[in-house]
Structures are given as structure tokens and as C-alpha cells.
file coords.cif (mmCIF, C-alpha atoms)
data_run
#
loop_
_atom_site.label_atom_id
_atom_site.label_comp_id
_atom_site.auth_asym_id
_atom_site.auth_seq_id
_atom_site.Cartn_x
_atom_site.Cartn_y
_atom_site.Cartn_z
CA MET M 1 -25.01 48.92 -42.34
CA LYS M 2 -22.86 49.66 -39.31
CA THR M 3 -24.91 51.64 -36.84
CA SER M 4 -23.89 53.27 -33.57
CA ILE M 5 -26.66 54.36 -31.22
CA ILE M 6 -25.55 56.82 -28.55
CA VAL M 7 -27.12 56.28 -25.14
CA PHE M 8 -27.20 59.00 -22.49
CA PRO M 9 -28.60 58.82 -18.96
CA GLY M 10 -32.30 59.48 -19.56
CA THR M 11 -32.36 58.23 -23.16
CA LYS M 12 -35.36 55.95 -23.62
CA CYS M 13 -35.88 55.10 -27.30
CA GLU M 14 -32.58 53.34 -27.97
CA LYS M 15 -34.00 49.80 -27.82
CA ASP M 16 -36.76 50.59 -30.33
CA MET M 17 -34.11 52.01 -32.65
CA ALA M 18 -31.87 48.97 -32.19
CA MET M 19 -34.71 46.54 -32.96
CA ASP M 20 -35.57 48.46 -36.13
CA VAL M 21 -31.97 48.64 -37.31
CA GLU M 22 -31.57 44.90 -36.83
CA LYS M 23 -34.87 44.10 -38.55
CA ILE M 24 -34.11 46.27 -41.56
CA SER M 25 -30.36 45.86 -41.99
CA GLY M 26 -29.93 42.40 -40.51
CA ARG M 27 -27.05 43.70 -38.37
CA LYS M 28 -27.04 44.51 -34.70
CA ALA M 29 -26.55 48.14 -33.81
CA ASN M 30 -23.64 49.11 -31.62
CA MET M 31 -24.90 50.69 -28.40
CA ILE M 32 -22.48 53.39 -27.20
CA TRP M 33 -22.82 54.57 -23.59
CA HIS M 34 -22.08 58.28 -23.27
CA LYS M 35 -18.97 57.68 -21.15
CA GLU M 36 -17.27 55.67 -23.89
CA THR M 37 -14.81 57.58 -26.02
CA ASP M 38 -14.69 55.38 -29.11
CA ILE M 39 -17.72 55.48 -31.42
CA GLY M 40 -16.15 53.00 -33.83
CA ASN M 41 -16.47 53.54 -37.55
CA PRO M 42 -20.20 53.50 -38.24
CA ASP M 43 -22.05 54.33 -41.46
CA ILE M 44 -24.68 56.07 -39.40
CA ILE M 45 -24.91 57.42 -35.86
CA ILE M 46 -28.34 57.57 -34.26
CA LEU M 47 -29.21 59.96 -31.44
CA PRO M 48 -32.41 58.48 -30.03
CA GLY M 49 -35.26 60.13 -28.15
CA GLY M 50 -35.84 60.40 -24.44
CA PHE M 51 -34.94 62.88 -21.72
CA SER M 52 -31.15 62.95 -21.65
CA TYR M 53 -29.79 64.38 -18.39
CA GLY M 54 -33.38 64.97 -17.25
CA ASP M 55 -33.79 67.81 -19.78
CA TYR M 56 -31.80 69.99 -17.34
CA LEU M 57 -31.07 73.58 -18.47
CA ARG M 58 -32.62 73.04 -21.94
CA CYS M 59 -33.63 69.82 -23.71
CA GLY M 60 -30.53 68.29 -25.28
CA ALA M 61 -28.18 70.98 -23.94
CA MET M 62 -26.23 68.83 -21.50
CA ALA M 63 -25.93 65.96 -23.99
CA ALA M 64 -24.78 68.38 -26.69
CA HIS M 65 -21.83 69.40 -24.55
CA SER M 66 -20.86 65.93 -23.32
CA PRO M 67 -17.49 64.49 -24.42
CA ILE M 68 -19.02 61.73 -26.60
CA MET M 69 -20.87 64.40 -28.57
CA GLN M 70 -17.56 66.01 -29.53
CA GLU M 71 -16.75 62.68 -31.22
CA VAL M 72 -20.16 62.69 -32.93
CA ILE M 73 -19.49 66.22 -34.24
CA LYS M 74 -16.10 65.09 -35.58
CA LYS M 75 -17.73 62.15 -37.39
CA ALA M 76 -20.46 64.43 -38.76
CA LYS M 77 -17.84 66.78 -40.17
CA ASN M 78 -16.23 63.79 -41.90
CA GLY M 79 -19.51 62.92 -43.58
CA THR M 80 -20.92 60.17 -41.33
CA LYS M 81 -24.70 60.20 -41.53
CA ILE M 82 -26.54 61.21 -38.38
CA LEU M 83 -30.18 60.67 -37.52
CA GLY M 84 -31.52 62.53 -34.49
CA VAL M 85 -35.07 61.81 -33.39
CA CYS M 86 -36.96 63.85 -30.80
CA ASN M 87 -34.41 64.46 -28.02
CA GLY M 88 -31.78 63.57 -30.65
CA PHE M 89 -33.08 66.45 -32.82
CA GLN M 90 -32.90 68.74 -29.77
CA MET M 91 -29.25 67.69 -29.31
CA LEU M 92 -28.47 68.39 -32.98
CA VAL M 93 -29.73 71.98 -32.74
CA GLU M 94 -27.92 72.48 -29.43
CA THR M 95 -24.64 71.33 -31.01
CA LYS M 96 -25.44 73.63 -33.97
CA LEU M 97 -25.06 70.74 -36.41
CA LEU M 98 -28.57 71.81 -37.42
CA PRO M 99 -29.89 75.39 -37.27
CA GLY M 100 -32.72 76.72 -35.11
CA ALA M 101 -34.10 75.70 -31.73
CA LEU M 102 -36.96 73.68 -30.25
CA LEU M 103 -39.22 75.64 -27.94
CA HIS M 104 -42.00 74.54 -25.59
CA ASN M 105 -45.09 73.41 -27.46
CA ARG M 106 -47.36 76.43 -27.75
CA THR M 107 -50.05 74.68 -25.70
CA LEU M 108 -47.47 73.85 -22.97
CA LYS M 109 -48.78 70.29 -23.10
CA PHE M 110 -46.77 67.14 -23.66
CA ILE M 111 -48.31 65.75 -26.84
CA CYS M 112 -48.34 62.03 -27.57
CA LYS M 113 -50.35 61.09 -30.66
CA GLN M 114 -50.22 59.98 -34.28
CA VAL M 115 -49.67 62.82 -36.75
CA ASN M 116 -49.55 63.07 -40.53
CA LEU M 117 -46.28 64.14 -42.11
CA ARG M 118 -45.78 65.28 -45.67
CA THR M 119 -42.46 64.31 -47.24
CA GLU M 120 -41.01 67.52 -48.61
CA THR M 121 -38.17 66.04 -50.65
CA ASN M 122 -36.83 62.67 -51.72
CA ASN M 123 -33.49 64.21 -52.58
CA SER M 124 -31.65 62.95 -49.49
CA PRO M 125 -30.08 59.69 -48.30
CA PHE M 126 -32.88 59.38 -45.75
CA THR M 127 -35.93 60.01 -47.94
CA GLN M 128 -34.73 58.58 -51.26
CA ASN M 129 -37.09 55.61 -50.97
CA MET M 130 -40.06 57.95 -50.58
CA ASN M 131 -41.79 60.29 -53.00
CA LYS M 132 -42.10 64.01 -52.55
CA GLY M 133 -45.62 64.59 -51.22
CA ASP M 134 -45.94 61.15 -49.57
CA ILE M 135 -48.05 61.36 -46.44
CA ILE M 136 -46.97 59.14 -43.57
CA LYS M 137 -48.67 58.73 -40.23
CA VAL M 138 -46.20 58.37 -37.34
CA PRO M 139 -46.32 59.22 -33.65
CA ILE M 140 -44.97 62.25 -31.85
CA ALA M 141 -44.25 62.33 -28.11
CA HIS M 142 -42.74 65.58 -26.89
CA GLY M 143 -43.21 68.68 -24.77
CA GLU M 144 -40.64 70.80 -26.57
CA GLY M 145 -40.90 70.31 -30.30
CA ASN M 146 -41.92 73.75 -31.46
CA TYR M 147 -39.36 74.41 -34.19
CA PHE M 148 -38.09 77.98 -34.24
CA ALA M 149 -35.52 79.79 -36.35
CA ASP M 150 -35.17 83.36 -37.59
CA GLU M 151 -36.76 84.34 -40.92
CA LYS M 152 -33.49 84.16 -42.82
CA THR M 153 -32.76 80.63 -41.62
CA ILE M 154 -36.27 79.44 -42.48
CA LYS M 155 -35.91 80.92 -45.98
CA THR M 156 -32.53 79.20 -46.42
CA LEU M 157 -34.04 75.87 -45.37
CA GLU M 158 -37.06 76.28 -47.66
CA ASP M 159 -35.05 77.54 -50.66
CA ASN M 160 -32.44 74.80 -50.42
CA ASP M 161 -34.74 71.82 -50.16
CA ARG M 162 -33.65 71.23 -46.57
CA ILE M 163 -37.07 70.60 -45.02
CA ALA M 164 -37.59 66.85 -44.67
CA PHE M 165 -41.12 66.70 -43.25
CA LYS M 166 -43.99 69.04 -42.44
CA TYR M 167 -47.04 68.36 -40.27
CA CYS M 168 -50.08 68.12 -42.54
CA ASN M 169 -53.69 66.91 -42.60
CA GLU M 170 -54.83 63.62 -44.13
CA LYS M 171 -54.95 65.18 -47.57
CA GLY M 172 -51.41 66.46 -47.28
CA GLU M 173 -52.43 70.08 -46.80
CA ILE M 174 -50.24 72.18 -44.54
CA ASP M 175 -52.60 74.01 -42.19
CA GLU M 176 -52.67 75.43 -38.66
CA GLU M 177 -54.96 72.67 -37.39
CA SER M 178 -52.41 70.00 -38.28
CA ASN M 179 -49.60 71.83 -36.52
CA PRO M 180 -49.38 70.07 -33.14
CA ASN M 181 -46.80 72.25 -31.43
CA GLY M 182 -46.57 75.65 -33.13
CA SER M 183 -43.54 74.91 -35.33
CA ILE M 184 -42.81 77.61 -37.90
CA ASN M 185 -44.20 76.58 -41.32
CA ASN M 186 -45.30 73.26 -39.73
CA ILE M 187 -41.68 72.04 -39.84
CA ALA M 188 -41.25 68.56 -38.33
CA GLY M 189 -37.77 67.67 -39.58
CA ILE M 190 -34.80 69.31 -41.33
CA PHE M 191 -31.55 68.39 -43.03
CA SER M 192 -28.03 69.75 -42.76
CA GLU M 193 -26.63 71.53 -45.80
CA ASP M 194 -25.09 68.32 -47.19
CA LYS M 195 -28.26 66.32 -46.33
CA LYS M 196 -26.21 63.88 -44.30
CA ILE M 197 -27.83 64.87 -41.03
CA LEU M 198 -31.56 64.55 -40.39
CA GLY M 199 -33.22 65.85 -37.24
CA MET M 200 -36.92 65.25 -36.68
CA MET M 201 -39.36 65.39 -33.78
CA PRO M 202 -41.69 62.53 -34.86
CA HIS M 203 -40.70 58.93 -34.13
CA PRO M 204 -40.38 56.84 -37.32
CA GLU M 205 -38.79 54.08 -35.20
CA ASN M 206 -42.16 53.50 -33.56
CA SER M 207 -43.78 52.71 -36.91
CA ILE M 208 -41.71 49.77 -38.09
CA LEU M 209 -42.35 46.52 -36.27
CA ASP M 210 -45.37 44.30 -36.94
CA TYR M 211 -46.99 44.91 -33.57
CA GLN M 212 -46.80 48.69 -33.93
CA ALA M 213 -49.76 50.73 -35.25
CA ASN M 214 -48.33 50.92 -38.76
CA GLN M 215 -45.04 50.41 -40.61
CA ASN M 216 -44.77 53.85 -42.18
CA GLY M 217 -41.29 54.46 -40.81
CA LYS M 218 -39.81 51.60 -42.83
CA SER M 219 -39.14 53.52 -46.04
CA LEU M 220 -36.95 55.98 -44.16
CA PHE M 221 -34.71 53.29 -42.68
CA GLU M 222 -34.64 51.39 -45.98
CA GLY M 223 -33.49 54.58 -47.68
CA ILE M 224 -30.54 54.86 -45.31
CA LEU M 225 -29.69 51.20 -45.88
CA LYS M 226 -29.81 51.59 -49.67
CA GLU M 227 -27.45 54.54 -49.45
CA ILE M 228 -24.91 52.59 -47.47
CA ALA M 229 -25.17 49.17 -49.14
CA MET O 1 -17.45 86.97 -5.98
CA LYS O 2 -21.03 86.33 -6.91
CA VAL O 3 -22.18 86.31 -10.52
CA THR O 4 -25.84 86.37 -11.49
CA VAL O 5 -26.86 85.47 -15.02
CA LYS O 6 -30.38 86.34 -16.09
CA ILE O 7 -31.61 84.47 -19.15
CA MET O 8 -34.77 85.51 -21.01
CA LEU O 9 -36.33 84.43 -24.28
CA LYS O 10 -35.63 87.02 -26.97
CA ASN O 11 -38.32 89.51 -27.87
CA GLY O 12 -40.49 87.99 -30.55
CA VAL O 13 -39.90 84.40 -29.39
CA LEU O 14 -43.19 82.94 -28.17
CA ASP O 15 -43.17 82.36 -24.41
CA PRO O 16 -46.15 80.10 -23.64
CA GLN O 17 -45.18 79.84 -19.95
CA GLY O 18 -45.28 83.63 -19.61
CA LYS O 19 -48.67 83.64 -21.36
CA ALA O 20 -50.02 80.99 -18.98
CA ILE O 21 -48.86 83.02 -15.96
CA GLU O 22 -50.46 86.14 -17.46
CA HIS O 23 -53.80 84.33 -17.80
CA ALA O 24 -53.55 82.90 -14.29
CA LEU O 25 -52.91 86.36 -12.80
CA GLY O 26 -55.97 87.65 -14.65
CA GLY O 27 -57.95 84.69 -13.26
CA LEU O 28 -56.87 85.63 -9.73
CA GLY O 29 -58.33 89.10 -10.24
CA PHE O 30 -55.08 91.08 -10.62
CA GLU O 31 -55.82 93.99 -12.90
CA GLY O 32 -53.58 95.95 -15.22
CA VAL O 33 -51.12 93.14 -15.90
CA GLY O 34 -49.59 93.45 -19.37
CA GLU O 35 -47.33 90.93 -21.05
CA VAL O 36 -45.67 88.46 -18.67
CA ARG O 37 -42.44 86.71 -19.67
CA GLN O 38 -40.63 84.00 -17.76
CA GLY O 39 -36.90 83.40 -17.69
CA LYS O 40 -34.29 81.83 -15.46
CA VAL O 41 -31.58 83.02 -13.10
CA ILE O 42 -28.30 81.18 -12.62
CA THR O 43 -25.91 82.19 -9.86
CA LEU O 44 -22.22 81.33 -9.88
CA GLU O 45 -19.80 81.61 -6.99
CA MET O 46 -16.44 82.67 -8.47
CA GLU O 47 -13.16 82.75 -6.53
CA ASP O 48 -12.62 86.02 -4.71
CA GLY O 49 -9.76 88.14 -5.97
CA MET O 50 -10.28 87.29 -9.62
CA ASP O 51 -10.17 90.13 -12.08
CA LYS O 52 -13.72 91.38 -12.63
CA GLU O 53 -13.28 91.96 -16.35
CA GLU O 54 -11.76 88.53 -16.79
CA VAL O 55 -14.66 86.95 -14.90
CA HIS O 56 -17.11 88.84 -17.10
CA ALA O 57 -15.39 87.63 -20.28
CA GLN O 58 -15.41 84.08 -18.95
CA VAL O 59 -19.11 84.20 -18.07
CA VAL O 60 -19.89 85.54 -21.55
CA ARG O 61 -18.17 82.45 -22.96
CA MET O 62 -20.17 80.25 -20.56
CA CYS O 63 -23.40 81.86 -21.74
CA GLU O 64 -22.55 81.54 -25.42
CA SER O 65 -21.53 77.90 -25.14
CA LEU O 66 -23.87 76.42 -22.54
CA LEU O 67 -25.90 78.60 -20.17
CA ALA O 68 -27.99 80.30 -22.86
CA ASN O 69 -29.04 79.32 -26.36
CA PRO O 70 -28.21 82.45 -28.37
CA VAL O 71 -30.69 81.39 -31.08
CA ILE O 72 -33.64 82.02 -28.76
CA GLU O 73 -32.31 83.60 -25.56
CA ASP O 74 -30.70 86.83 -24.38
CA TYR O 75 -28.58 86.96 -21.24
CA ASP O 76 -27.61 89.60 -18.77
CA ILE O 77 -24.59 89.28 -16.44
CA GLU O 78 -24.28 90.96 -13.05
CA ILE O 79 -21.13 90.67 -10.92
CA ILE O 80 -21.21 91.61 -7.23
#
call {"tool": "encode", "arguments": {"input": "coords.cif", "output": "C-alpha cells"}}
result
Amino acid sequence: MKTSIIVFPGTKCEKDMAMDVEKISGRKANMIWHKETDIGNPDIIILPGGFSYGDYLRCGAMAAHSPIMQEVIKKAKNGTKILGVCNGFQMLVETKLLPGALLHNRTLKFICKQVNLRTETNNSPFTQNMNKGDIIKVPIAHGEGNYFADEKTIKTLEDNDRIAFKYCNEKGEIDEESNPNGSINNIAGIFSEDKKILGMMPHPENSILDYQANQNGKSLFEGILKEIA
Amino acid sequence: MKVTVKIMLKNGVLDPQGKAIEHALGGLGFEGVGEVRQGKVITLEMEDGMDKEEVHAQVVRMCESLLANPVIEDYDIEII
């Protein structure tokens, strides 16, 4: 698996991602600084979490309009898989590769904790190693992860099996109490129309290595690897 | 030429910062305060002598592509 991880000023989760990619695929990820113009020819591009450009204007907005991102958009349109986590998800909605927007958490608090996610579909390159309904506990760490889109967009996502994960309780029930940030329909992650792009607020890359709280994020990365191998 | 762009969250989009300000004003004893919404103002200094309509069209493009997120925000342009 050839992986390119894009690094912006203010990105902070790129090393976690790189360690996971190497552990799971056995190949080192290619770290691409935002000023570089050549992304190479990766199987997957990862937009990691952090606070690119200090979250100026809107989270992910400055990164979304940077020159390297124009290359990412070109690759996406040619079918390269893209995973955007946290700030990476914010970039994907700002570039319009994914629909909707991420608003301030309804409590206005930065929330850093383990949450339960329910897998909404295994019909995607990312979730193919999981079962629909699987509950995985992974961490979130964000101040602006409140997923918003108009009614029509939400319906399109729901009707077309484009919701990847929803925040749920331990039993897998989708309820208000399990919704950490106010996201519509408890949405934690969504796919593009062709399912080749996944954007999600939770951090599966922080649930992989042996010293981390759990290894629930593994199946996601293994799914991507299986797709590419 | 000075351009002022006012950006506000669209009606119906939850504005928790506005809500927090509303509660704080109530806590300070200000009465009769209804809904409070918070936005941002961006000012641009454009070259003097440019055509006003052209500047307006250009600022609309700036708003649509970067300054505002049309999914959640409305913008208002004033040119002085």
C-alpha cells in the first residue's frame, strides 16, 4: 500500500498515522509537506488531524485552498482513495469533496474522550473488514465536529448508504446522550458518492498500537489494505 | 476603496456562541435581550479607481470560494 500523508503547518496527527500505516501495511508512508507539488502516485492519501493554519477563518478552510490540495482534489477525481480524519474531515467538506459542514460543538467545549461508534455499512473499501452494526470505541478530540447539512443532503446520505459511522451508546443505540457534539442524526463519518473518500471526526489512528487504549481502529486500516493489495 | 464583508451563520444553523453571549447578557442583568447571533466582519482595502461593480463581483467570488462557507453562512458586502 503506497500512502501519502499530507502535512500542513499545524497538523499534529501525522506521525500517529504514519506509525499505523507502517505497522499494518509494512510500508513506510510518504510524508508530503504542503509546499511540495508532487504527491507521487499513492493508493491512498491521508489528511490527518490537527489545527492546520491555526484554524484561521474556519477549520480546514485555509488548507482546503492551498496549492497541494488542488493536487489532492485531482487525485480524488481520478479515484485515489482519501481518508480525512478530524481536521482532515474539515478540509474535505471545505473542498466540497464531501458535502456539509462542521460547526462548533453545541456545548462550545473542546471534547477529548472515548466514544462508541456504530458502523453503518460495510459496503465500502474502508469498512469492508467490519460488519454493519459493529460497535467500536475510539477517541474524539475536537472543538468543531458538529456535522451539519441541509435536510436534502442528509436524506441523500442516509438513502445511499453513505453514512460510515454514527455516535451510539454501548448497546449500539443511536440516542441524544451519545451524541457528543450535536451532529445531525449522530453522524460521525461520511463517504463520497463513490465511497472512495471517507471523512470522520473520531481518530481510528489512535486505537491501533499496542500501547494505546484499544486496537479498534485496526479493522478500518486493514480494510483499506485489503482493497489495495 | 474600502470593502466590508459581514458573514453570519444562516438562519436555522445553530449558533452556540450567540447562545452563550445571550445567557451571559442575561446573567449581567440586561433585560429584554432576544436571540443573539455572532458573526464576523472582514475588511478589504481595494485599489482606488477600480470599477465598483467589478469590485463587487470580485468580492462575491472571494466570498463563495474562501471568505464564507455557503453551506452554513450568508454574507453581505458593503463598498465605501
call {"tool": "atom_distance", "arguments": {"input": "coords.cif", "atom1": "atom CA of Gly79 of chain M", "atom2": "atom CA of Val21 of chain M"}}
result
20.0 Å
call {"tool": "interface_residues", "arguments": {"input": "coords.cif", "of": "chain O", "to": "chain M", "cutoff": "12 Å", "atoms": "only C-alpha atoms", "output": "MDAnalysis selection string"}}
result
chainID O and resid 7 9:21 39:42 62:73
call {"tool": "atom_distance", "arguments": {"input": "coords.cif", "atom1": "atom CA of Met19 of chain M", "atom2": "atom CA of Leu47 of chain M"}}
result
14.6 Å
call {"tool": "atom_distance", "arguments": {"input": "coords.cif", "atom1": "atom CA of Gly54 of chain M", "atom2": "atom CA of Met201 of chain M"}}
result
17.6 Å
call {"tool": "residues_near_point", "arguments": {"input": "coords.cif", "point": "(-48.4, 70.5, -43.2)", "cutoff": "7 Å", "atoms": "all atoms listed in the file", "output": "list in words"}}
result
Leu117, Arg118, Lys166, Tyr167, Cys168, Asn169, Gly172, Glu173, Ile174, Asp175, Ser178, Asn179 and Asn186 of chain M
call {"tool": "residues_around", "arguments": {"input": "coords.cif", "residues": "segment 44-60 of chain O", "least_positions_apart": "6", "cutoff": "8 Å", "atoms": "all atoms listed in the file", "output": "PyMOL selection string"}}
result
chain O and resi 1-4+77+79
call {"tool": "residues_near_point", "arguments": {"input": "coords.cif", "point": "(-34.3, 70.2, -47.0)", "cutoff": "10 Å", "atoms": "only C-alpha atoms", "output": "list of chain:residue names"}}
result
M:Glu120, M:Thr121, M:Asn122, M:Asn123, M:Ser124, M:Thr156, M:Leu157, M:Glu158, M:Asp159, M:Asn160, M:Asp161, M:Arg162, M:Ile163, M:Ala164, M:Phe165, M:Gly189, M:Ile190, M:Phe191, M:Ser192, M:Glu193, M:Asp194, M:Lys195, M:Leu198
call {"tool": "resolve_selection", "arguments": {"input": "coords.cif", "expression": "the PyMOL selection byres ((chain M and resi 216) around 10)", "output": "list in words"}}
result
Ile135, Ile136, Lys137, Val138, Pro204, Glu205, Asn206, Ser207, Ile208, Leu209, Gln212, Ala213, Asn214, Gln215, Gly217, Lys218, Ser219 and Leu220 of chain M
call {"tool": "resolve_selection", "arguments": {"input": "coords.cif", "expression": "the PyMOL selection byres ((chain O and resi 33) around 12)", "output": "list of chain:residue names"}}
result
O:Gly18, O:Lys19, O:Ile21, O:Glu22, O:His23, O:Ala24, O:Leu25, O:Gly26, O:Gly27, O:Leu28, O:Gly29, O:Phe30, O:Glu31, O:Gly32, O:Gly34, O:Glu35, O:Val36, O:Arg37
call {"tool": "resolve_selection", "arguments": {"input": "coords.cif", "expression": "the PyMOL selection byres ((chain M and resi 42) around 9)", "output": "ChimeraX atom specification"}}
result
/M:1-4,30,39-41,43-45,80-81
call {"tool": "closest_residue", "arguments": {"input": "coords.cif", "among": "M:Ile5, M:Ile32, M:Tyr53, M:Asp210", "to": "Leu83 of chain M", "atoms": "all atoms listed in the file"}}
result
M:Ile5
